[in-house]
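Note: the block below is start_21.txt and it holds compact mmCIF, C-alpha atoms.
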# COMPACT_ATOMS: atom_id res chain seq x y z
CA MET A 4 154.71 59.50 41.47
CA GLY A 5 156.63 62.77 41.62
CA ASP A 6 158.92 64.20 38.96
CA LEU A 7 162.63 63.45 39.15
CA SER A 8 165.02 66.20 38.06
CA ILE A 9 168.08 65.28 36.01
CA GLY A 10 171.45 65.21 37.66
CA ALA A 11 173.85 68.12 37.83
CA LYS A 12 176.11 66.53 35.19
CA ASP A 13 173.30 66.41 32.63
CA ALA A 14 172.27 69.98 33.42
CA GLU A 15 175.85 71.17 33.00
CA MET A 16 176.05 69.54 29.56
CA LEU A 17 173.24 71.75 28.28
CA GLY A 18 175.00 75.06 28.71
CA ASP A 19 173.47 78.38 29.67
CA ASN A 20 171.59 78.97 26.41
CA ALA A 21 169.77 75.65 26.19
CA SER A 22 165.98 75.57 26.22
CA SER A 23 164.97 72.20 27.67
CA SER A 24 162.31 69.86 29.00
CA LEU A 25 164.32 68.12 31.66
CA LYS A 26 162.11 66.12 33.94
CA LEU A 27 162.34 62.37 34.14
CA LYS A 28 158.83 61.18 34.78
CA LYS A 29 157.82 57.90 36.33
CA SER A 30 154.12 57.38 36.13
CA LYS A 31 151.21 55.05 35.60
CA MET A 32 148.26 55.49 33.31
CA ASN A 33 144.93 54.47 34.80
CA GLY A 34 146.87 52.60 37.44
CA ARG A 35 148.69 50.43 34.87
CA PRO A 36 152.46 50.43 34.35
CA TYR A 37 154.00 51.17 30.96
CA LEU A 38 155.72 47.79 30.94
CA GLY A 39 152.44 45.86 30.82
CA ALA A 40 152.62 42.10 30.96
CA LYS A 41 150.24 41.45 28.06
CA GLN A 42 150.02 42.50 24.43
CA THR A 43 147.37 45.03 23.51
CA THR A 44 145.12 46.10 20.67
CA ILE A 45 142.40 48.72 20.34
CA GLY A 46 138.85 48.05 21.49
CA ARG A 47 137.10 48.83 18.21
CA ALA A 48 137.68 50.26 14.76
CA VAL A 49 138.15 54.03 14.43
CA ALA A 50 138.36 56.12 11.27
CA LEU A 51 140.17 59.38 10.49
CA THR A 52 140.27 61.55 7.38
CA GLY A 53 142.64 64.29 6.28
CA VAL A 54 145.17 65.16 3.60
CA GLY A 55 148.68 63.97 2.86
CA VAL A 56 151.20 66.64 3.81
CA HIS A 57 153.36 65.89 0.77
CA SER A 58 150.83 64.66 -1.80
CA GLY A 59 148.10 67.12 -0.85
CA ALA A 60 145.61 64.34 -1.65
CA PRO A 61 142.62 63.49 0.56
CA VAL A 62 143.05 60.27 2.53
CA SER A 63 141.05 58.13 4.93
CA ILE A 64 142.42 55.55 7.35
CA THR A 65 140.74 53.06 9.64
CA LEU A 66 142.50 51.54 12.62
CA GLN A 67 141.31 47.96 13.05
CA PRO A 68 141.80 45.75 16.14
CA ALA A 69 144.21 42.88 15.50
CA ASP A 70 145.03 39.52 17.05
CA MET A 71 148.05 38.80 19.21
CA ASN A 72 151.42 38.75 17.46
CA THR A 73 150.08 40.66 14.44
CA GLY A 74 152.17 43.73 15.18
CA ILE A 75 151.43 46.99 13.35
CA ARG A 76 150.58 46.60 9.67
CA PHE A 77 149.39 48.90 6.91
CA ALA A 78 146.75 47.48 4.54
CA VAL A 79 146.90 49.20 1.15
CA SER A 80 145.55 48.56 -2.33
CA HIS A 81 148.12 48.05 -5.09
CA LEU A 82 147.34 47.05 -8.67
CA ASP A 83 143.84 46.01 -7.60
CA LYS A 84 145.26 43.75 -4.90
CA ASP A 85 145.16 44.15 -1.12
CA VAL A 86 148.67 44.27 0.32
CA GLU A 87 149.83 44.41 3.94
CA ILE A 88 153.08 46.18 4.78
CA LYS A 89 154.63 45.44 8.16
CA ALA A 90 155.75 48.49 10.15
CA HIS A 91 159.38 47.40 10.38
CA CYS A 92 162.70 48.93 9.39
CA GLU A 93 163.18 46.05 6.94
CA PHE A 94 160.50 47.66 4.76
CA VAL A 95 161.74 51.27 4.92
CA ASP A 96 161.94 52.57 1.36
CA SER A 97 162.80 56.25 1.90
CA LEU A 98 163.59 58.62 4.74
CA THR A 99 163.64 61.92 2.83
CA LEU A 100 161.47 64.36 4.82
CA CYS A 101 159.23 61.49 6.00
CA THR A 102 159.28 57.74 6.57
CA VAL A 103 158.09 55.65 3.61
CA LEU A 104 157.41 51.91 3.85
CA SER A 105 157.17 49.64 0.83
CA SER A 106 156.32 46.02 0.05
CA LYS A 107 158.22 43.72 -2.28
CA CYS A 108 155.49 44.16 -4.89
CA GLY A 109 155.96 47.94 -4.94
CA ALA A 110 153.09 49.10 -2.70
CA LEU A 111 153.99 52.22 -0.72
CA VAL A 112 152.73 54.07 2.33
CA ALA A 113 154.35 57.37 3.34
CA THR A 114 154.49 59.66 6.39
CA VAL A 115 153.84 56.87 8.87
CA GLU A 116 155.89 58.41 11.70
CA HIS A 117 153.22 60.33 13.64
CA LEU A 118 150.76 57.43 13.62
CA MET A 119 153.57 55.04 14.58
CA ALA A 120 154.51 57.38 17.42
CA ALA A 121 150.91 57.43 18.68
CA LEU A 122 150.59 53.63 18.59
CA ARG A 123 153.95 52.98 20.24
CA GLY A 124 153.59 55.92 22.60
CA MET A 125 150.18 54.71 23.78
CA SER A 126 151.49 51.14 24.11
CA ILE A 127 149.44 49.51 21.34
CA ASP A 128 151.09 46.34 20.05
CA ASN A 129 148.68 45.04 17.42
CA VAL A 130 146.64 46.99 14.86
CA VAL A 131 145.94 46.95 11.14
CA VAL A 132 145.81 50.38 9.49
CA GLU A 133 143.56 50.36 6.43
CA ILE A 134 144.44 53.26 4.12
CA ASP A 135 142.90 54.37 0.82
CA SER A 136 145.86 56.43 -0.38
CA GLY A 137 149.63 56.33 -0.40
CA GLU A 138 150.19 58.63 2.57
CA VAL A 139 148.96 58.75 6.17
CA PRO A 140 147.04 62.01 6.78
CA ILE A 141 149.01 64.76 8.46
CA MET A 142 146.01 65.85 10.58
CA ASP A 143 147.17 68.88 12.63
CA GLY A 144 150.87 68.00 12.26
CA SER A 145 151.05 66.24 15.62
CA ALA A 146 150.17 62.80 16.98
CA MET A 147 147.29 64.02 19.14
CA PRO A 148 144.42 63.27 16.69
CA PHE A 149 145.65 59.66 16.56
CA VAL A 150 146.02 59.52 20.33
CA ARG A 151 142.44 60.75 20.79
CA SER A 152 141.18 58.07 18.40
CA ILE A 153 143.11 55.38 20.28
CA GLU A 154 141.68 56.59 23.58
CA GLU A 155 138.20 56.70 22.04
CA ALA A 156 138.56 53.08 20.89
CA GLY A 157 139.97 51.92 24.21
CA THR A 158 142.80 49.49 24.90
CA VAL A 159 142.23 45.73 25.13
CA GLU A 160 144.71 43.29 26.64
CA LEU A 161 145.27 40.05 24.72
CA ASP A 162 146.10 36.62 26.07
CA ALA A 163 149.78 36.73 25.10
CA PRO A 164 152.87 38.14 26.82
CA ARG A 165 154.23 41.43 25.55
CA ARG A 166 157.55 40.94 23.81
CA PHE A 167 160.31 43.54 24.00
CA ILE A 168 163.67 44.05 22.34
CA LYS A 169 166.15 44.65 25.13
CA VAL A 170 169.35 46.51 24.26
CA LEU A 171 172.37 44.74 25.76
CA LYS A 172 175.25 47.00 24.75
CA PRO A 173 175.71 50.53 23.39
CA ILE A 174 175.06 51.11 19.70
CA GLN A 175 176.02 54.44 18.15
CA VAL A 176 175.56 55.82 14.64
CA GLU A 177 176.89 59.12 13.29
CA GLU A 178 176.28 61.22 10.22
CA LYS A 179 177.59 64.70 9.40
CA GLY A 180 178.01 65.83 12.99
CA CYS A 181 174.75 64.22 14.13
CA TRP A 182 174.59 61.09 16.25
CA GLY A 183 172.18 58.64 17.83
CA GLN A 184 172.93 56.18 20.62
CA LEU A 185 170.99 53.22 22.01
CA LEU A 186 172.01 52.24 25.55
CA PRO A 187 170.93 49.46 27.92
CA PHE A 188 168.18 50.67 30.23
CA ASN A 189 165.40 49.01 32.22
CA GLY A 190 162.55 50.87 30.60
CA PHE A 191 162.30 53.34 27.71
CA ARG A 192 163.97 56.74 28.03
CA LEU A 193 164.43 59.49 25.47
CA ASP A 194 167.18 62.11 25.52
CA VAL A 195 166.80 64.21 22.38
CA GLU A 196 168.75 67.38 21.67
CA ILE A 197 168.53 69.73 18.67
CA ASP A 198 170.59 72.75 17.70
CA PHE A 199 169.46 75.20 15.00
CA GLU A 200 171.09 78.48 13.99
CA THR A 201 167.81 80.39 14.07
CA PRO A 202 167.16 81.92 17.50
CA VAL A 203 163.51 80.86 17.21
CA ILE A 204 164.71 77.32 17.91
CA GLY A 205 168.31 77.45 19.08
CA ARG A 206 169.44 74.62 21.32
CA GLN A 207 166.72 72.55 22.98
CA ARG A 208 166.72 69.25 24.85
CA PHE A 209 163.98 66.89 26.00
CA VAL A 210 164.73 64.11 28.51
CA SER A 211 162.12 61.79 29.97
CA ASP A 212 161.28 58.24 30.88
CA MET A 213 158.46 57.37 28.51
CA ASN A 214 155.04 55.88 29.16
CA PRO A 215 151.58 56.54 27.68
CA GLU A 216 150.80 59.39 30.07
CA VAL A 217 154.06 61.21 29.35
CA PHE A 218 153.68 60.67 25.62
CA ARG A 219 150.12 62.00 25.60
CA ASP A 220 150.77 65.00 27.83
CA GLU A 221 154.31 66.00 26.87
CA LEU A 222 154.85 64.97 23.24
CA ALA A 223 151.65 64.14 21.36
CA ARG A 224 150.58 67.78 20.74
CA ALA A 225 153.96 68.90 19.36
CA ARG A 226 153.64 69.72 15.65
CA THR A 227 155.94 69.27 12.70
CA PHE A 228 157.78 72.41 11.61
CA GLY A 229 159.45 73.90 8.57
CA PHE A 230 161.06 77.01 7.12
CA MET A 231 159.32 79.33 4.68
CA ALA A 232 162.62 79.72 2.83
CA ASP A 233 162.43 76.02 1.85
CA VAL A 234 158.84 76.01 0.59
CA GLU A 235 159.41 76.72 -3.11
CA LYS A 236 162.19 74.13 -3.29
CA LEU A 237 159.95 71.55 -1.62
CA TRP A 238 157.06 72.32 -3.96
CA ALA A 239 159.34 72.00 -6.98
CA GLY A 240 160.33 68.53 -5.75
CA GLY A 241 156.71 67.46 -5.28
CA HIS A 242 156.82 67.73 -1.50
CA ALA A 243 154.77 69.67 1.07
CA LEU A 244 151.84 70.10 -1.34
CA GLY A 245 149.42 69.63 1.56
CA ALA A 246 151.34 71.69 4.12
CA SER A 247 149.60 74.69 5.65
CA LEU A 248 149.54 76.69 8.86
CA ASP A 249 146.83 74.27 10.03
CA ASN A 250 149.31 71.40 10.15
CA THR A 251 152.81 72.90 10.28
CA VAL A 252 154.67 75.37 12.48
CA ALA A 253 156.18 77.76 9.92
CA ILE A 254 159.31 79.80 10.63
CA ASP A 255 160.14 82.93 8.62
CA ASP A 256 162.66 85.68 9.36
CA ASP A 257 163.38 84.36 12.85
CA LYS A 258 159.74 84.31 13.90
CA VAL A 259 156.88 81.82 14.08
CA VAL A 260 154.30 82.67 11.42
CA ASN A 261 151.37 80.78 12.97
CA ARG A 262 149.02 83.26 14.62
CA GLU A 263 148.41 81.02 17.64
CA GLY A 264 152.14 80.63 18.31
CA LEU A 265 153.64 77.55 19.90
CA ARG A 266 151.95 74.88 21.99
CA PHE A 267 155.10 74.48 24.10
CA ALA A 268 158.02 76.86 24.50
CA ASP A 269 160.21 74.02 23.23
CA GLU A 270 157.72 72.48 20.80
CA PHE A 271 160.45 71.88 18.22
CA VAL A 272 162.48 69.41 20.28
CA ARG A 273 159.31 67.77 21.58
CA HIS A 274 158.28 67.05 18.00
CA LYS A 275 161.72 65.58 17.30
CA ALA A 276 161.22 63.34 20.35
CA LEU A 277 157.78 62.37 19.03
CA ASP A 278 159.36 61.44 15.70
CA ALA A 279 161.94 59.32 17.53
CA VAL A 280 159.19 57.32 19.25
CA GLY A 281 157.66 56.55 15.86
CA ASP A 282 160.96 55.80 14.14
CA LEU A 283 162.18 53.51 16.94
CA GLY A 284 158.82 51.73 16.71
CA LEU A 285 160.04 50.33 13.39
CA ALA A 286 162.14 47.86 15.39
CA GLY A 287 158.91 45.83 15.33
CA TYR A 288 158.64 45.53 19.11
CA PRO A 289 158.79 48.03 21.97
CA LEU A 290 162.37 48.74 23.00
CA LEU A 291 163.92 48.53 26.44
CA CYS A 292 166.66 51.11 26.16
CA SER A 293 167.73 54.70 26.57
CA TYR A 294 167.92 56.52 23.25
CA LYS A 295 170.07 59.63 22.99
CA SER A 296 170.33 61.72 19.87
CA TYR A 297 171.96 64.98 18.85
CA ARG A 298 170.58 66.83 15.82
CA GLY A 299 168.86 63.66 14.72
CA GLY A 300 165.99 63.00 12.34
CA HIS A 301 164.16 60.15 10.63
CA ALA A 302 167.23 58.86 8.78
CA LEU A 303 169.46 58.84 11.85
CA ASN A 304 166.80 57.21 14.05
CA ALA A 305 166.20 54.47 11.48
CA LYS A 306 169.93 53.97 11.05
CA ALA A 307 170.27 53.39 14.81
CA VAL A 308 167.53 50.73 14.76
CA GLN A 309 169.07 49.03 11.72
CA ALA A 310 172.52 49.00 13.36
CA LEU A 311 171.04 47.49 16.53
CA LEU A 312 169.22 44.67 14.76
CA ALA A 313 172.26 43.93 12.58
CA ASP A 314 174.36 43.15 15.68
CA GLU A 315 173.02 39.93 17.22
CA GLU A 316 175.10 40.47 20.35
CA ALA A 317 173.55 43.89 21.00
CA TRP A 318 169.98 42.81 21.77
CA THR A 319 167.73 40.02 22.89
CA PHE A 320 164.02 39.30 23.05
CA VAL A 321 162.41 39.37 26.49
CA ASP A 322 158.84 38.42 27.29
CA ALA A 323 156.95 40.05 30.13
CA PRO A 324 155.84 37.46 32.71
CA PHE A 325 152.21 36.54 33.29
CA VAL A 326 151.28 36.96 36.93
CA ALA A 327 147.90 36.05 38.38
CA PRO A 328 146.28 38.70 40.61
CA ALA A 329 146.74 38.13 44.32
CA ARG A 330 143.68 37.69 46.52
CA VAL A 331 143.98 40.09 49.43
CA ALA A 332 141.67 40.10 52.45
CA THR A 333 140.68 43.59 53.62
CA SER A 334 139.79 44.77 57.12
CA ASP A 335 136.06 44.58 56.35
CA GLY A 336 136.28 40.91 55.43
CA LEU A 337 136.06 41.37 51.66
CA VAL A 338 138.51 39.68 49.31
CA ASN A 339 139.91 41.85 46.53
CA GLU A 340 142.13 40.93 43.61
CA GLN A 341 145.26 43.05 43.36
CA SER A 342 148.24 42.89 41.07
CA THR A 343 151.31 41.47 42.74
CA GLY A 344 154.66 43.17 42.65
CA SER A 345 155.78 40.76 39.93
CA ALA A 346 153.17 42.14 37.56
CA VAL A 347 155.09 45.40 37.36
CA MET A 348 158.56 43.89 37.18
CA VAL A 349 161.11 46.01 35.41
CA ALA A 350 162.97 44.71 32.43
CA ALA A 351 165.97 43.59 34.49
CA ASN A 352 163.84 40.81 35.95
CA PHE A 353 162.46 39.54 32.64
CA ALA A 354 163.80 36.22 31.41
CA ALA A 355 166.16 36.93 28.53
CA ASP A 356 165.19 34.28 25.99
CA ARG A 357 166.28 34.88 22.41
CA ASN A 358 164.26 33.30 19.60
I'd like the structure from this file rewritten - as structure tokens, please.
Amino acid sequence: MGDLSIGAKDAEMLGDNASSSLKLKKSKMNGRPYLGAKQTTIGRAVALTGVGVHSGAPVSITLQPADMNTGIRFAVSHLDKDVEIKAHCEFVDSLTLCTVLSSKCGALVATVEHLMAALRGMSIDNVVVEIDSGEVPIMDGSAMPFVRSIEEAGTVELDAPRRFIKVLKPIQVEEKGCWGQLLPFNGFRLDVEIDFETPVIGRQRFVSDMNPEVFRDELARARTFGFMADVEKLWAGGHALGASLDNTVAIDDDKVVNREGLRFADEFVRHKALDAVGDLGLAGYPLLCSYKSYRGGHALNAKAVQALLADEEAWTFVDAPFVAPARVATSDGLVNEQSTGSAVMVAANFAADRN
């Protein structure tokens, strides 16, 4: 499927100085649509090791396949007990610099956003993340190491319909000149804009319909970034103890410090879009919506999800329909099974049944 350029009105909104990624992509991954009819998990366990970007401590995680309707959960040890924390905005404990989840008994897991982005971005519904520390490893500062592990494990469809949260009316949150907006949309679209005073970043915008291929190719490699001027303050507060040029794009005196430079000309806004995928994943189910944000971050993204779920008239559950493959006779007399058109129905055709 070819790329679709944004309309003239959207282009005009950016202004002459905007740096942007402005292609709406409609695509399939391995011939499968993003809005798959069935829930998924990974094909086998995969392990990763690294350090926590804030704690600086070594950490190992193992992604384990999970049964239908498990969702995404973090399995941690707390006071010699095994505790599972559901990846849901209900369990968000802190949003200062990173996303921290906590259980009622006090167990914590921090910096979940890049792993959450990889799982949601690659359309994985059910997985248990075993972790031996209090923070998900930062890896190279992007979601790509997690994406590669997911691809290595493979994706398995489960015998249960995929459930979505469908946005029914606009929801907007604002904070200190920043805003985030969830809009009804038959799919999942991101429209993320940032605006920094430093000319290294400036004003950038990323707009795209999202699916696993777009996430992997356009967002997953974008790294987290920070300013050298903030380092000593962060260290004094016990943050960024594991940050380095191996996992962070560093900006100093209006230049990028990293010798290799940027992975994308607009890597900064792409990373903000990556973060949004992970933060919106804390709704607990994939969303059917368009999400627009201006100068947003973890706190604003989470606030938008919380405002949505708090308004019962703003959303509904929809289940993707099960459709048996059609048997199609070919010219050589063979009978092949092919997916019918209903198997790739857009959200507008899903039955809107609230639980």
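The shell of residues at most 10 Å from Glu93 of chain A, with only C-alpha atoms counted and near chain neighbours (fewer than 2 positions) removed, consists of Lys89, Ala90, His91, Val95, Asp96, Leu104, Ser105, Ser106, Leu285, Ala286, Gly287, Gln309 and Leu312 of chain A.
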Exercise: residues within 7 Å of coordinate (164.2, 62.2, 25.3), counting only C-alpha atoms, as a list in words: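 Applying the cut-off with only C-alpha atoms, one gets Arg192, Leu193, Asp194, Val195, Phe209, Val210, Ser211, Ala276 and Lys295 of chain A.
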Residue contacts of Glu155 of chain A (10 Å, only C-alpha atoms) excluding same-chain residues fewer than 4 positions away, as a list in words: Ile45, Gly46, Arg47, Ala48, Val49, Phe149, Val150 and Arg151 of chain A
Store the residues picked out above in a file with C-alpha atoms, as a short mmCIF file (atom, residue, chain, number, x, y, z; two decimals), in the frame of the given file.
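Printed below is selection.cif as written:
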data_model
loop_
_atom_site.label_atom_id
_atom_site.label_comp_id
_atom_site.auth_asym_id
_atom_site.auth_seq_id
_atom_site.Cartn_x
_atom_site.Cartn_y
_atom_site.Cartn_z
CA ILE A 45 142.40 48.72 20.34
CA GLY A 46 138.85 48.05 21.49
CA ARG A 47 137.10 48.83 18.21
CA ALA A 48 137.68 50.26 14.76
CA VAL A 49 138.15 54.03 14.43
CA PHE A 149 145.65 59.66 16.56
CA VAL A 150 146.02 59.52 20.33
CA ARG A 151 142.44 60.75 20.79
#
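If you look at atom CA of Asp135 of chain A and atom CA of Arg76 of chain A, they are 14.1 Å away from each other.
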Pick from A:Val259, A:Val131, A:Leu122, A:Gly59, whichever lies nearest to Glu87 of chain A using only C-alpha atoms: A:Val131
One-decimal distance in Å that lies between atom CA of Phe230 of chain A and atom CA of Asn261 of chain A: 11.9 Å
Atomic separation - atom CA of Thr99 of chain A relative to atom CA of Ala302 of chain A, Å: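 Atom CA of Thr99 of chain A lies at a distance of 7.6 Å from atom CA of Ala302 of chain A.
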Could you pull the residues within 9 Å of segment 111-114 of chain A, counting only C-alpha atoms, minus those fewer than 5 positions along the same chain, as a short mmCIF file (atom, residue, chain, number, x, y, z; two decimals) with C-alpha atoms, keeping the file's coordinate frame?
data_model
loop_
_atom_site.label_atom_id
_atom_site.label_comp_id
_atom_site.auth_asym_id
_atom_site.auth_seq_id
_atom_site.Cartn_x
_atom_site.Cartn_y
_atom_site.Cartn_z
CA GLY A 55 148.68 63.97 2.86
CA VAL A 56 151.20 66.64 3.81
CA HIS A 57 153.36 65.89 0.77
CA PHE A 77 149.39 48.90 6.91
CA VAL A 79 146.90 49.20 1.15
CA HIS A 81 148.12 48.05 -5.09
CA ILE A 88 153.08 46.18 4.78
CA ASP A 96 161.94 52.57 1.36
CA SER A 97 162.80 56.25 1.90
CA LEU A 100 161.47 64.36 4.82
CA CYS A 101 159.23 61.49 6.00
CA THR A 102 159.28 57.74 6.57
CA VAL A 103 158.09 55.65 3.61
CA LEU A 104 157.41 51.91 3.85
CA SER A 105 157.17 49.64 0.83
CA SER A 106 156.32 46.02 0.05
CA ILE A 134 144.44 53.26 4.12
CA SER A 136 145.86 56.43 -0.38
CA GLY A 137 149.63 56.33 -0.40
CA GLU A 138 150.19 58.63 2.57
CA VAL A 139 148.96 58.75 6.17
CA PRO A 140 147.04 62.01 6.78
CA ILE A 141 149.01 64.76 8.46
#
Residues within 10 Å of Glu221 of chain A, please, as a tab-separated table (two decimals) with C-alpha atoms, in the frame of the given file. Count only C-alpha atoms; anything in the same chain fewer than 4 positions from it doesn't count.
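In the end it all went to part_18.tsv:
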chain	number	residue	atom	x	y	z
A	24	SER	CA	162.31	69.86	29.00
A	209	PHE	CA	163.98	66.89	26.00
A	211	SER	CA	162.12	61.79	29.97
A	213	MET	CA	158.46	57.37	28.51
A	215	PRO	CA	151.58	56.54	27.68
A	216	GLU	CA	150.80	59.39	30.07
A	217	VAL	CA	154.06	61.21	29.35
A	225	ALA	CA	153.96	68.90	19.36
A	267	PHE	CA	155.10	74.48	24.10
A	270	GLU	CA	157.72	72.48	20.80
A	273	ARG	CA	159.31	67.77	21.58
A	274	HIS	CA	158.28	67.05	18.00
A	276	ALA	CA	161.22	63.34	20.35
A	277	LEU	CA	157.78	62.37	19.03
Protein and nucleic acid residues near (154.8, 81.0, 16.6) (cut-off 12 Å, all atoms listed in the file) as an NGL selection string: :A and (203-204 or 226 or 228-229 or 248 or 251-271)
Which of A:Ala120, A:Cys108, A:Ala323, A:Leu98 sits closest to Leu303 of chain A [using only C-alpha atoms]: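 Of A:Ala120, A:Cys108, A:Ala323, A:Leu98, the one nearest Leu303 of chain A, counting only C-alpha atoms, is A:Leu98.
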Val62 of chain A environment, 6 Å, all atoms listed in the file, sequence neighbours closer than 2 positions dropped, as a list of chain:residue names: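 The filter keeps A:Thr52, A:Gly53, A:Val54, A:Ser136.
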Nearest to Pro148 of chain A by atom-to-atom distance, counting all atoms listed in the file, from A:Lys84, A:Arg219, A:Arg298, A:Arg165: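 Looking only at the distances to Pro148 of chain A, the closest residue turns out to be A:Arg219.
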